[in-house]
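Containing mmCIF, C-alpha atoms: upload.cif.
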```
data_my_file
loop_
_atom_site.label_atom_id
_atom_site.label_comp_id
_atom_site.auth_asym_id
_atom_site.auth_seq_id
_atom_site.Cartn_x
_atom_site.Cartn_y
_atom_site.Cartn_z
CA LEU Y 11 98.32 96.58 110.56
CA CYS Y 12 97.36 94.29 107.75
CA GLN Y 13 97.21 95.97 104.37
CA LYS Y 14 93.54 95.20 104.01
CA ILE Y 15 92.83 97.00 107.28
CA LEU Y 16 94.63 100.23 106.46
CA ILE Y 17 92.24 101.20 103.71
CA CYS Y 18 89.07 100.82 105.78
CA PRO Y 19 87.33 104.12 106.61
CA HIS Y 20 87.49 105.21 110.24
CA SER Y 21 83.74 105.80 110.31
CA ALA Y 22 82.77 102.26 109.40
CA THR Y 23 83.11 98.79 110.78
CA TYR Y 24 85.93 96.51 109.74
CA ILE Y 25 84.81 94.77 106.55
CA ARG Y 26 86.41 91.53 105.53
CA ARG Y 27 87.44 91.39 101.89
CA ALA Y 28 85.97 88.90 99.45
CA ALA Y 29 87.24 85.48 100.46
CA THR Y 30 89.53 84.42 97.65
CA MET Y 31 90.59 85.22 94.15
CA THR Y 32 91.33 81.54 93.55
CA THR Y 33 89.76 78.73 95.52
CA LEU Y 34 91.35 75.29 95.59
CA PRO Y 35 89.50 73.11 98.11
CA GLU Y 36 92.61 71.01 98.58
CA PHE Y 37 96.26 71.68 97.95
CA THR Y 38 98.27 68.89 96.36
CA LEU Y 39 101.04 68.62 98.92
CA GLU Y 40 104.28 68.11 97.06
CA LYS Y 41 107.74 69.03 98.24
CA ASP Y 42 108.74 72.58 97.33
CA ARG Y 43 105.51 73.17 95.41
CA TYR Y 44 104.14 76.21 97.29
CA ARG Y 45 105.31 79.53 98.67
CA LEU Y 46 103.50 81.34 101.45
CA TYR Y 47 103.78 85.12 101.53
CA ALA Y 48 103.18 86.50 105.00
CA VAL Y 49 103.85 89.42 107.32
CA LYS Y 50 104.89 88.83 110.92
CA SER Y 51 102.28 91.30 112.17
CA CYS Y 52 99.29 89.87 110.29
CA ILE Y 53 96.95 87.87 112.49
CA PHE Y 54 95.32 86.24 109.46
CA ALA Y 55 98.57 85.00 107.91
CA HIS Y 56 99.63 83.81 111.36
CA ARG Y 57 96.91 81.15 111.28
CA VAL Y 58 98.40 79.53 108.18
CA ARG Y 59 101.90 79.80 109.62
CA LEU Y 60 100.78 77.90 112.71
CA VAL Y 61 99.25 75.06 110.69
CA ARG Y 62 102.42 74.89 108.61
CA LEU Y 63 104.60 74.57 111.72
CA LEU Y 64 102.38 72.15 113.60
CA HIS Y 65 102.19 69.78 110.63
CA GLY Y 66 105.83 70.14 109.60
CA LEU Y 67 105.10 71.50 106.14
CA GLU Y 68 108.22 73.64 105.83
CA ASP Y 69 109.54 71.50 102.95
CA TYR Y 70 106.21 71.69 101.14
CA ILE Y 71 105.46 75.36 101.66
CA LYS Y 72 108.37 77.78 101.56
CA ILE Y 73 107.79 81.10 103.24
CA THR Y 74 108.68 84.68 102.35
CA PHE Y 75 108.03 87.54 104.74
CA ALA Y 76 107.30 91.10 103.74
CA THR Y 77 109.04 93.40 106.18
CA GLY Y 78 107.51 96.80 105.49
CA GLN Y 79 104.79 98.55 103.55
CA ASN Y 80 103.99 101.62 101.53
CA SER Y 81 100.62 103.18 100.79
CA GLU Y 82 99.75 100.48 98.25
CA SER Y 83 101.40 97.24 99.26
CA PHE Y 84 103.55 95.26 101.61
CA THR Y 85 107.22 95.46 100.66
CA PHE Y 86 110.23 93.14 100.76
CA ASP Y 87 113.71 94.12 101.89
CA GLN Y 88 115.16 92.23 98.92
CA PRO Y 89 113.73 90.75 95.72
CA GLU Y 90 111.49 87.80 96.54
CA PRO Y 91 112.55 84.51 94.90
CA GLU Y 92 109.69 83.76 92.48
CA PHE Y 93 109.40 86.93 90.39
CA GLY Y 94 112.15 89.15 91.77
CA ALA Y 95 109.40 91.44 93.06
CA MET Y 96 110.01 94.11 95.67
CA THR Y 97 106.33 94.47 96.64
CA LEU Y 98 103.48 92.05 97.21
CA ARG Y 99 101.47 93.95 94.61
CA GLU Y 100 104.05 92.95 92.02
CA VAL Y 101 103.65 89.30 93.06
CA TYR Y 102 99.89 89.55 92.53
CA ASN Y 103 100.37 91.31 89.20
CA ASN Y 104 102.75 88.62 87.96
CA ALA Y 105 100.64 85.72 89.20
CA ASN Y 106 97.35 87.13 87.94
CA PRO Y 107 97.61 90.28 85.79
CA SER Y 108 93.82 90.69 85.69
CA TYR Y 109 93.50 90.84 89.48
CA ASN Y 110 92.71 94.36 90.73
CA GLY Y 111 91.83 93.62 94.34
CA ARG Y 112 93.92 94.34 97.40
CA ALA Y 113 97.34 92.76 97.73
CA VAL Y 114 96.73 90.88 100.96
CA VAL Y 115 98.36 88.16 103.00
CA PRO Y 116 98.31 85.24 103.45
CA LEU Y 117 99.03 84.49 99.84
CA ILE Y 118 99.92 80.96 98.74
CA LEU Y 119 101.54 80.69 95.34
CA ASP Y 120 101.73 77.44 93.38
CA ARG Y 121 105.34 77.47 92.22
CA THR Y 122 104.73 74.92 89.45
CA ASN Y 123 102.63 77.32 87.40
CA LYS Y 124 103.34 80.63 89.20
CA LYS Y 125 99.63 81.05 89.91
CA ILE Y 126 97.86 81.84 93.14
CA ALA Y 127 96.49 78.81 94.94
CA ASN Y 128 94.66 80.66 97.71
CA ASN Y 129 94.67 83.95 99.59
CA ASP Y 130 92.14 83.30 102.36
CA SER Y 131 93.46 82.42 105.81
CA MET Y 132 90.63 80.15 106.89
CA GLU Y 133 90.29 78.26 103.61
CA SER Y 134 94.04 77.72 103.41
CA SER Y 135 94.28 76.59 107.03
CA PHE Y 136 91.29 74.27 106.78
CA SER Y 137 92.59 72.66 103.59
CA LEU Y 138 96.09 72.06 104.91
CA ALA Y 139 94.93 70.84 108.32
CA ALA Y 140 92.39 68.45 106.78
CA GLN Y 141 94.92 66.89 104.44
CA CYS Y 142 97.44 66.39 107.23
CA ALA Y 143 95.02 65.03 109.84
CA ASN Y 144 95.62 61.55 111.21
CA ASP Y 145 94.60 59.48 114.21
CA SER Y 146 97.34 60.92 116.43
CA PHE Y 147 97.02 64.59 115.50
CA ASN Y 148 94.00 66.34 114.05
CA LEU Y 149 93.56 70.11 114.20
CA LEU Y 150 90.04 69.82 112.79
CA PRO Y 151 87.93 67.38 114.82
CA GLU Y 152 84.17 67.63 114.52
CA GLY Y 153 82.98 71.14 115.35
CA ALA Y 154 86.43 72.75 115.01
CA LYS Y 155 85.69 74.68 111.83
CA ASP Y 156 82.54 76.26 113.25
CA LEU Y 157 84.28 77.16 116.51
CA ALA Y 158 87.28 78.61 114.69
CA ASN Y 159 84.97 80.80 112.60
CA GLU Y 160 83.11 81.89 115.73
CA ILE Y 161 86.31 82.90 117.52
CA SER Y 162 87.48 84.70 114.40
CA GLU Y 163 84.28 86.74 114.11
CA ARG Y 164 83.67 87.45 117.81
CA VAL Y 165 87.24 87.80 119.08
CA SER Y 166 89.78 88.26 116.29
CA PHE Y 167 87.90 90.95 114.35
CA SER Y 168 86.76 92.90 117.41
CA PRO Y 169 89.94 94.97 117.93
CA TYR Y 170 89.81 96.08 114.28
CA ASN Y 171 86.12 96.94 114.51
CA PHE Y 172 86.99 98.94 117.62
CA LEU Y 173 89.80 100.75 115.84
CA PHE Y 174 87.81 101.88 112.83
CA TYR Y 175 84.68 103.08 114.56
CA SER Y 176 84.77 106.77 115.50
CA ASP Y 177 81.63 106.78 117.67
CA PRO Y 178 82.75 106.40 121.34
CA SER Y 179 79.55 104.63 122.34
CA LYS Y 180 79.95 102.10 119.53
CA LYS Y 181 83.57 101.56 120.51
CA GLN Y 182 82.46 100.82 124.05
CA ASP Y 183 79.84 98.36 122.84
CA ILE Y 184 82.48 96.51 120.85
CA ALA Y 185 84.86 96.48 123.82
CA ASN Y 186 82.16 95.18 126.16
CA ALA Y 187 81.23 92.39 123.76
CA LEU Y 188 84.90 91.45 123.44
CA TRP Y 189 85.38 91.39 127.22
CA SER Y 190 82.40 89.05 127.44
CA GLU Y 191 83.93 86.67 124.90
CA LEU Y 192 87.29 86.74 126.65
CA ASP Y 193 85.57 86.14 129.99
CA LYS Y 194 83.97 83.04 128.47
CA TYR Y 195 87.23 81.59 127.19
CA ASP Y 196 89.11 82.49 130.35
CA LYS Y 197 86.55 80.53 132.38
CA LEU Y 198 86.65 77.62 129.93
CA LEU Y 199 90.44 77.43 130.01
CA GLY Y 200 90.36 77.30 133.79
CA SER Y 201 89.11 73.73 133.57
CA GLN Y 202 90.89 72.42 130.46
CA PRO Y 203 94.17 73.16 128.67
CA PHE Y 204 92.72 73.88 125.24
CA VAL Y 205 89.54 75.33 123.81
CA MET Y 206 88.05 71.98 122.78
CA GLY Y 207 89.40 69.95 125.68
CA ASP Y 208 92.69 68.14 126.24
CA LYS Y 209 94.00 68.34 122.68
CA LEU Y 210 95.30 71.23 120.61
CA THR Y 211 93.00 72.12 117.71
CA PHE Y 212 92.81 74.88 115.12
CA PRO Y 213 90.45 77.06 117.22
CA ASP Y 214 93.33 77.35 119.71
CA CYS Y 215 95.51 78.76 116.93
CA VAL Y 216 92.88 81.38 116.06
CA LEU Y 217 92.42 82.42 119.69
CA TRP Y 218 96.13 82.43 120.51
CA ALA Y 219 96.97 84.67 117.56
CA THR Y 220 94.69 87.31 119.11
CA VAL Y 221 95.79 86.77 122.70
CA ILE Y 222 99.50 87.30 122.03
CA ARG Y 223 98.81 90.56 120.16
CA PHE Y 224 96.38 91.94 122.69
CA ASP Y 225 98.44 93.77 125.30
CA ASN Y 226 101.20 94.96 122.99
CA VAL Y 227 99.11 95.97 119.98
CA TYR Y 228 95.38 96.20 120.64
CA ALA Y 229 95.57 97.77 124.09
CA ARG Y 230 98.69 99.88 123.58
CA GLN Y 231 98.37 100.89 119.93
CA PHE Y 232 94.69 100.57 119.10
CA GLY Y 233 93.55 102.24 122.31
CA LEU Y 234 91.49 99.25 123.44
CA LYS Y 235 91.77 100.10 127.11
CA GLY Y 236 90.10 98.73 130.20
CA LYS Y 237 91.53 95.24 130.42
CA THR Y 238 94.66 93.37 129.46
CA ILE Y 239 95.25 89.66 129.08
CA LYS Y 240 98.11 89.51 131.58
CA GLU Y 241 96.35 91.48 134.33
CA ASP Y 242 92.72 90.44 133.91
CA TYR Y 243 92.63 86.99 132.36
CA PRO Y 244 94.78 84.52 134.32
CA ASN Y 245 93.71 81.43 132.43
CA LEU Y 246 94.17 83.05 129.03
CA THR Y 247 97.62 84.09 130.23
CA LYS Y 248 98.45 80.49 131.10
CA PHE Y 249 97.03 79.43 127.75
CA ALA Y 250 99.26 81.99 126.01
CA GLU Y 251 102.31 80.49 127.70
CA ARG Y 252 101.20 76.92 127.04
CA MET Y 253 100.79 77.61 123.32
CA TRP Y 254 104.01 79.65 123.21
CA ASN Y 255 106.04 76.64 124.33
CA ILE Y 256 104.54 74.10 121.93
CA PRO Y 257 107.29 72.89 119.57
CA SER Y 258 106.93 72.75 115.83
CA LYS Y 259 106.62 69.25 114.40
CA ARG Y 260 110.23 69.43 113.24
CA GLY Y 261 111.30 70.48 116.72
CA ASP Y 262 113.55 73.33 115.60
CA THR Y 263 111.43 76.14 117.04
CA THR Y 264 108.36 76.80 119.17
CA LEU Y 265 105.17 78.62 118.27
CA GLY Y 266 106.27 81.52 120.44
CA GLU Y 267 109.77 81.76 119.02
CA ASP Y 268 108.36 81.74 115.50
CA ALA Y 269 105.93 84.54 116.36
CA THR Y 270 108.90 86.93 116.85
CA LEU Y 271 107.00 89.41 119.00
CA PRO Y 272 109.44 92.37 118.62
CA GLU Y 273 109.20 92.18 114.81
CA MET Y 274 105.42 91.94 115.05
CA ILE Y 275 105.30 95.10 117.19
CA ARG Y 276 107.72 96.94 114.87
CA ILE Y 277 105.57 96.37 111.80
CA TYR Y 278 102.37 97.43 113.57
CA TRP Y 279 104.13 100.54 114.86
CA GLN Y 280 105.44 101.51 111.45
CA ALA Y 281 101.99 101.00 109.97
CA GLY Y 282 100.71 103.37 112.63
CA LYS Y 283 103.05 106.04 111.29
CA MET Y 284 101.22 105.82 107.97
CA ALA Y 285 97.75 105.72 109.52
CA PRO Y 286 98.12 106.82 113.17
CA VAL Y 287 95.89 105.06 115.65
CA ALA Y 288 94.86 105.85 119.20
CA GLY Y 289 97.75 106.06 121.63
CA ASN Y 290 100.45 105.83 118.98
CA ASP Y 291 102.85 108.75 118.72
CA PRO Y 292 104.23 108.28 115.21
CA THR Y 293 107.41 110.18 116.09
CA SER Y 294 108.33 107.91 118.99
CA PRO Y 295 110.61 104.86 118.72
CA VAL Y 296 109.21 101.35 118.47
CA PRO Y 297 108.26 100.32 122.02
CA LYS Y 298 109.74 97.30 123.74
CA ALA Y 299 107.56 94.24 124.02
CA LEU Y 300 105.45 93.93 127.14
CA PRO Y 301 105.60 90.48 128.78
CA ILE Y 302 102.78 88.21 127.68
CA PHE Y 303 102.94 85.87 130.65
#
```
For the structure just supplied, provide its representation as structure tokens.
Amino acid sequence: LCQKILICPHSATYIRRAATMTTLPEFTLEKDRYRLYAVKSCIFAHRVRLVRLLHGLEDYIKITFATGQNSESFTFDQPEPEFGAMTLREVYNNANPSYNGRAVVPLILDRTNKKIANNDSMESSFSLAAQCANDSFNLLPEGAKDLANEISERVSFSPYNFLFYSDPSKKQDIANALWSELDKYDKLLGSQPFVMGDKLTFPDCVLWATVIRFDNVYARQFGLKGKTIKEDYPNLTKFAERMWNIPSKRGDTTLGEDATLPEMIRIYWQAGKMAPVAGNDPTSPVPKALPIF
């Protein structure tokens, strides 16, 4: 679970935090200038990770992963390289001592001044993708931002809304609306390889980040029962495999290899021990990954 999700009340809908503490419409892409703090489980940070890989920005944006969490913050298994911090909260405190909001990911730190450049997944992704766009590869063609936001609101947030509602009838309404959205994209992807046609765009990244978490996390751990991607959505399953095998721009990994599904499941499961969710026995070992395709 993402840190920002854990503190939401179970009786209320999932509420997105305020967008950013610092907004820079465009990053100045310079080698070694930025560090991205992320968690393998976090669907929001995953969006920025995908843009980073697809545009080959590894030399511009270093990455540090938190590997655990306590009741207040994500934690590192060793001191992170910018401040020697052991928690993400410490990173926030060092970068902006006056900040008292949640210590969330993705967090992009400007290493030249040790200040936060951005901590909103969509803003960060849009900015990076726009700067890197060219005639041969553009994640943000016309209409892509609006579609990415639509998928985020109607698909990506739905499992979390489902999780934090306690009313069974409301849960079912959320599930039904989600099935309808997934039906739509499954039908669409039966006639074209990607959401906007023949070319990979950022909306595919947003949708894929949900699809690969669905059976292992949302169905099994969140209790979102009734359908699974692998059994009920054949075209989304093919889409999951298609995206999984896309190489990074540098060619040293694929999107699927970088996702590290077992680590993703482990972090969600451990978060469930702190705030147990439907279907998760906090005393049981971390389950093995179910096949995605």
- Please write the residues picked by the PyMOL selection byres ((chain Y and resi 237) around 12) on this file as a PyMOL selection string. chain Y and resi 185-186+188-190+192-193+224-225+228-230+233-236+238-244
- Task: Report the residues retrieved by the PyMOL selection byres ((chain Y and resi 157) around 10) from the displayed file, expressed as a count of residues only.
- Result: 17
- Task: Please evaluate the PyMOL selection byres ((chain Y and resi 90-103) around 9) against the structure above and give the resulting residues as a PyMOL selection string.
- Result: chain Y and resi 45+47+74-76+79-80+82-89+104-110+112-115+117+121+124-126
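Coordinates place CA of Cys52 in chain Y at a distance of 8.8 Å from CA of Tyr278 in chain Y.
Between CA of Ser258 in chain Y and CA of Glu133 in chain Y the separation is 21.4 Å.
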- Contacts of Ile184 in chain Y at 10 Å (all atoms listed in the file; same-chain gap of 5+ positions) as a PyMOL selection string: chain Y and resi 164+168-173+175+178-179+189-190+234
Just the selected residues (C-alpha atoms), exported as a JSON list (two decimals), in the coordinates of the input, please.
```json
[["chain", "number", "residue", "atom", "x", "y", "z"],
["Y", 164, "ARG", "CA", 83.67, 87.45, 117.81],
["Y", 168, "SER", "CA", 86.76, 92.90, 117.41],
["Y", 169, "PRO", "CA", 89.94, 94.97, 117.93],
["Y", 170, "TYR", "CA", 89.81, 96.08, 114.28],
["Y", 171, "ASN", "CA", 86.12, 96.94, 114.51],
["Y", 172, "PHE", "CA", 86.99, 98.94, 117.62],
["Y", 173, "LEU", "CA", 89.80, 100.75, 115.84],
["Y", 175, "TYR", "CA", 84.68, 103.08, 114.56],
["Y", 178, "PRO", "CA", 82.75, 106.40, 121.34],
["Y", 179, "SER", "CA", 79.55, 104.63, 122.34],
["Y", 189, "TRP", "CA", 85.38, 91.39, 127.22],
["Y", 190, "SER", "CA", 82.40, 89.05, 127.44],
["Y", 234, "LEU", "CA", 91.49, 99.25, 123.44]]
```
- Message: Would you pick out the contacts of Asn255 in chain Y at 7 Å or less, using only C-alpha atoms, so that residues sharing its chain but fewer than 6 positions from it are not included, and give the list as a PyMOL selection string?
- Response: chain Y and resi 264-266
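Between CA of Ser201 in chain Y and CA of Leu271 in chain Y the interatomic distance comes to 27.9 Å.
Considering all atoms listed in the file, the residue among Y:Asp262, Y:Ala187, Y:Lys209, Y:Pro297 positioned nearest to Trp279 in chain Y is Y:Pro297.
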- Counting all atoms listed in the file, which of Y:Asp130, Y:Asp120, Y:Asp208, Y:Asp268 gets nearest to Glu40 in chain Y? Y:Asp120
- Rank Y:Gln182, Y:Ile277, Y:Glu191, Y:Phe54 by their smallest atom-to-atom distance to Ser131 in chain Y, using only C-alpha atoms, and report the top residue only. Y:Phe54
- Could you give me, as JSON, numbers by chain, the residues within 9 Å of Phe136 in chain Y, counting only C-alpha atoms and dropping anything in the same chain fewer than 2 positions from it? {"Y": [35, 36, 58, 61, 131, 132, 133, 134, 138, 139, 140, 141, 149, 150, 155, 212]}
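If all atoms listed in the file are the atoms counted, then among Y:Lys180, Y:Lys50, Y:Lys41, Y:Arg260 the closest residue to Thr77 in chain Y is Y:Lys50.
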Given the block above, output range 152-262 of chain Y with C-alpha atoms as a PDB file, in the first residue's frame.
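The result, stored in part.pdb:
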```pdb
ATOM      1  CA  GLU Y 152      -2.890  15.089 -28.604  1.00  0.00           C
ATOM      2  CA  GLY Y 153      -5.502  13.813 -26.163  1.00  0.00           C
ATOM      3  CA  ALA Y 154      -3.071  11.640 -24.174  1.00  0.00           C
ATOM      4  CA  LYS Y 155      -3.091  13.761 -21.024  1.00  0.00           C
ATOM      5  CA  ASP Y 156      -6.879  13.778 -20.785  1.00  0.00           C
ATOM      6  CA  LEU Y 157      -7.090  10.038 -21.421  1.00  0.00           C
ATOM      7  CA  ALA Y 158      -4.369   9.290 -18.880  1.00  0.00           C
ATOM      8  CA  ASN Y 159      -6.242  11.323 -16.263  1.00  0.00           C
ATOM      9  CA  GLU Y 160      -9.479   9.533 -17.135  1.00  0.00           C
ATOM     10  CA  ILE Y 161      -7.901   6.093 -16.744  1.00  0.00           C
ATOM     11  CA  SER Y 162      -6.304   7.190 -13.493  1.00  0.00           C
ATOM     12  CA  GLU Y 163      -9.600   8.376 -12.015  1.00  0.00           C
ATOM     13  CA  ARG Y 164     -11.886   5.620 -13.332  1.00  0.00           C
ATOM     14  CA  VAL Y 165      -9.555   2.617 -13.209  1.00  0.00           C
ATOM     15  CA  SER Y 166      -6.454   3.225 -11.090  1.00  0.00           C
ATOM     16  CA  PHE Y 167      -8.209   4.725  -8.065  1.00  0.00           C
ATOM     17  CA  SER Y 168     -11.135   2.291  -8.068  1.00  0.00           C
ATOM     18  CA  PRO Y 169      -9.442  -0.559  -6.141  1.00  0.00           C
ATOM     19  CA  TYR Y 170      -8.461   1.884  -3.388  1.00  0.00           C
ATOM     20  CA  ASN Y 171     -11.952   3.365  -3.245  1.00  0.00           C
ATOM     21  CA  PHE Y 172     -13.232  -0.197  -2.965  1.00  0.00           C
ATOM     22  CA  LEU Y 173     -10.808  -1.002  -0.168  1.00  0.00           C
ATOM     23  CA  PHE Y 174     -11.647   1.949   2.049  1.00  0.00           C
ATOM     24  CA  TYR Y 175     -15.421   1.854   1.811  1.00  0.00           C
ATOM     25  CA  SER Y 176     -17.070  -0.250   4.511  1.00  0.00           C
ATOM     26  CA  ASP Y 177     -20.593  -0.234   3.033  1.00  0.00           C
ATOM     27  CA  PRO Y 178     -21.028  -3.495   1.014  1.00  0.00           C
ATOM     28  CA  SER Y 179     -23.465  -1.906  -1.415  1.00  0.00           C
ATOM     29  CA  LYS Y 180     -21.051   0.946  -2.127  1.00  0.00           C
ATOM     30  CA  LYS Y 181     -18.232  -1.537  -2.605  1.00  0.00           C
ATOM     31  CA  GLN Y 182     -20.338  -3.377  -5.160  1.00  0.00           C
ATOM     32  CA  ASP Y 183     -21.141  -0.153  -6.990  1.00  0.00           C
ATOM     33  CA  ILE Y 184     -17.436   0.628  -7.241  1.00  0.00           C
ATOM     34  CA  ALA Y 185     -16.654  -2.896  -8.447  1.00  0.00           C
ATOM     35  CA  ASN Y 186     -19.399  -2.769 -11.078  1.00  0.00           C
ATOM     36  CA  ALA Y 187     -18.171   0.582 -12.386  1.00  0.00           C
ATOM     37  CA  LEU Y 188     -14.636  -0.793 -12.560  1.00  0.00           C
ATOM     38  CA  TRP Y 189     -15.762  -3.915 -14.436  1.00  0.00           C
ATOM     39  CA  SER Y 190     -17.485  -1.633 -16.932  1.00  0.00           C
ATOM     40  CA  GLU Y 191     -14.295   0.354 -17.506  1.00  0.00           C
ATOM     41  CA  LEU Y 192     -12.232  -2.796 -17.887  1.00  0.00           C
ATOM     42  CA  ASP Y 193     -14.820  -4.212 -20.301  1.00  0.00           C
ATOM     43  CA  LYS Y 194     -14.399  -1.066 -22.398  1.00  0.00           C
ATOM     44  CA  TYR Y 195     -10.628  -1.300 -22.578  1.00  0.00           C
ATOM     45  CA  ASP Y 196     -10.672  -5.043 -23.146  1.00  0.00           C
ATOM     46  CA  LYS Y 197     -12.932  -4.515 -26.166  1.00  0.00           C
ATOM     47  CA  LEU Y 198     -10.782  -1.630 -27.424  1.00  0.00           C
ATOM     48  CA  LEU Y 199      -7.583  -3.651 -27.137  1.00  0.00           C
ATOM     49  CA  GLY Y 200      -9.146  -6.444 -29.143  1.00  0.00           C
ATOM     50  CA  SER Y 201      -8.800  -4.305 -32.261  1.00  0.00           C
ATOM     51  CA  GLN Y 202      -5.563  -2.407 -31.599  1.00  0.00           C
ATOM     52  CA  PRO Y 203      -2.357  -3.061 -29.651  1.00  0.00           C
ATOM     53  CA  PHE Y 204      -2.419   0.070 -27.503  1.00  0.00           C
ATOM     54  CA  VAL Y 205      -5.023   2.326 -25.960  1.00  0.00           C
ATOM     55  CA  MET Y 206      -4.623   5.124 -28.503  1.00  0.00           C
ATOM     56  CA  GLY Y 207      -3.938   2.936 -31.518  1.00  0.00           C
ATOM     57  CA  ASP Y 208      -0.762   1.420 -32.922  1.00  0.00           C
ATOM     58  CA  LYS Y 209       1.723   3.355 -30.800  1.00  0.00           C
ATOM     59  CA  LEU Y 210       2.603   3.196 -27.130  1.00  0.00           C
ATOM     60  CA  THR Y 211       1.541   6.308 -25.210  1.00  0.00           C
ATOM     61  CA  PHE Y 212       1.443   7.381 -21.581  1.00  0.00           C
ATOM     62  CA  PRO Y 213      -2.185   6.241 -21.062  1.00  0.00           C
ATOM     63  CA  ASP Y 214      -0.905   2.695 -21.688  1.00  0.00           C
ATOM     64  CA  CYS Y 215       1.537   3.144 -18.812  1.00  0.00           C
ATOM     65  CA  VAL Y 216      -1.256   4.251 -16.475  1.00  0.00           C
ATOM     66  CA  LEU Y 217      -3.515   1.347 -17.458  1.00  0.00           C
ATOM     67  CA  TRP Y 218      -0.747  -1.262 -17.375  1.00  0.00           C
ATOM     68  CA  ALA Y 219       0.346  -0.278 -13.875  1.00  0.00           C
ATOM     69  CA  THR Y 220      -3.159  -1.206 -12.677  1.00  0.00           C
ATOM     70  CA  VAL Y 221      -3.515  -4.338 -14.797  1.00  0.00           C
ATOM     71  CA  ILE Y 222      -0.334  -5.996 -13.526  1.00  0.00           C
ATOM     72  CA  ARG Y 223      -1.337  -5.386  -9.898  1.00  0.00           C
ATOM     73  CA  PHE Y 224      -4.903  -6.525 -10.286  1.00  0.00           C
ATOM     74  CA  ASP Y 225      -4.929 -10.286  -9.757  1.00  0.00           C
ATOM     75  CA  ASN Y 226      -2.102 -10.425  -7.225  1.00  0.00           C
ATOM     76  CA  VAL Y 227      -2.987  -7.383  -5.131  1.00  0.00           C
ATOM     77  CA  TYR Y 228      -6.451  -5.982  -5.746  1.00  0.00           C
ATOM     78  CA  ALA Y 229      -8.290  -9.290  -6.097  1.00  0.00           C
ATOM     79  CA  ARG Y 230      -6.242 -11.333  -3.634  1.00  0.00           C
ATOM     80  CA  GLN Y 231      -5.374  -8.748  -0.986  1.00  0.00           C
ATOM     81  CA  PHE Y 232      -7.997  -6.029  -1.321  1.00  0.00           C
ATOM     82  CA  GLY Y 233     -10.873  -8.483  -1.633  1.00  0.00           C
ATOM     83  CA  LEU Y 234     -11.969  -7.151  -5.030  1.00  0.00           C
ATOM     84  CA  LYS Y 235     -13.553 -10.419  -6.097  1.00  0.00           C
ATOM     85  CA  GLY Y 236     -15.714 -11.374  -9.035  1.00  0.00           C
ATOM     86  CA  LYS Y 237     -13.336 -11.032 -11.948  1.00  0.00           C
ATOM     87  CA  THR Y 238      -9.637 -11.292 -12.666  1.00  0.00           C
ATOM     88  CA  ILE Y 239      -7.640  -9.970 -15.579  1.00  0.00           C
ATOM     89  CA  LYS Y 240      -6.221 -13.344 -16.592  1.00  0.00           C
ATOM     90  CA  GLU Y 241      -9.535 -15.226 -16.497  1.00  0.00           C
ATOM     91  CA  ASP Y 242     -12.020 -12.594 -17.647  1.00  0.00           C
ATOM     92  CA  TYR Y 243     -10.201 -10.104 -19.841  1.00  0.00           C
ATOM     93  CA  PRO Y 244      -8.311 -11.844 -22.658  1.00  0.00           C
ATOM     94  CA  ASN Y 245      -7.296  -8.702 -24.500  1.00  0.00           C
ATOM     95  CA  LEU Y 246      -6.106  -6.945 -21.359  1.00  0.00           C
ATOM     96  CA  THR Y 247      -4.097 -10.079 -20.614  1.00  0.00           C
ATOM     97  CA  LYS Y 248      -2.449  -9.872 -24.028  1.00  0.00           C
ATOM     98  CA  PHE Y 249      -1.873  -6.166 -23.445  1.00  0.00           C
ATOM     99  CA  ALA Y 250      -0.229  -6.966 -20.100  1.00  0.00           C
ATOM    100  CA  GLU Y 251       2.176  -9.343 -21.833  1.00  0.00           C
ATOM    101  CA  ARG Y 252       2.817  -6.934 -24.706  1.00  0.00           C
ATOM    102  CA  MET Y 253       3.754  -4.137 -22.314  1.00  0.00           C
ATOM    103  CA  TRP Y 254       5.741  -6.509 -20.088  1.00  0.00           C
ATOM    104  CA  ASN Y 255       8.081  -7.352 -22.965  1.00  0.00           C
ATOM    105  CA  ILE Y 256       8.734  -3.790 -24.133  1.00  0.00           C
ATOM    106  CA  PRO Y 257      12.440  -3.021 -23.639  1.00  0.00           C
ATOM    107  CA  SER Y 258      13.731   0.079 -21.934  1.00  0.00           C
ATOM    108  CA  LYS Y 259      15.333   2.610 -24.268  1.00  0.00           C
ATOM    109  CA  ARG Y 260      18.760   1.511 -23.064  1.00  0.00           C
ATOM    110  CA  GLY Y 261      17.846  -2.108 -23.767  1.00  0.00           C
ATOM    111  CA  ASP Y 262      19.141  -3.492 -20.470  1.00  0.00           C
TER     112      ASP Y 262
END
```
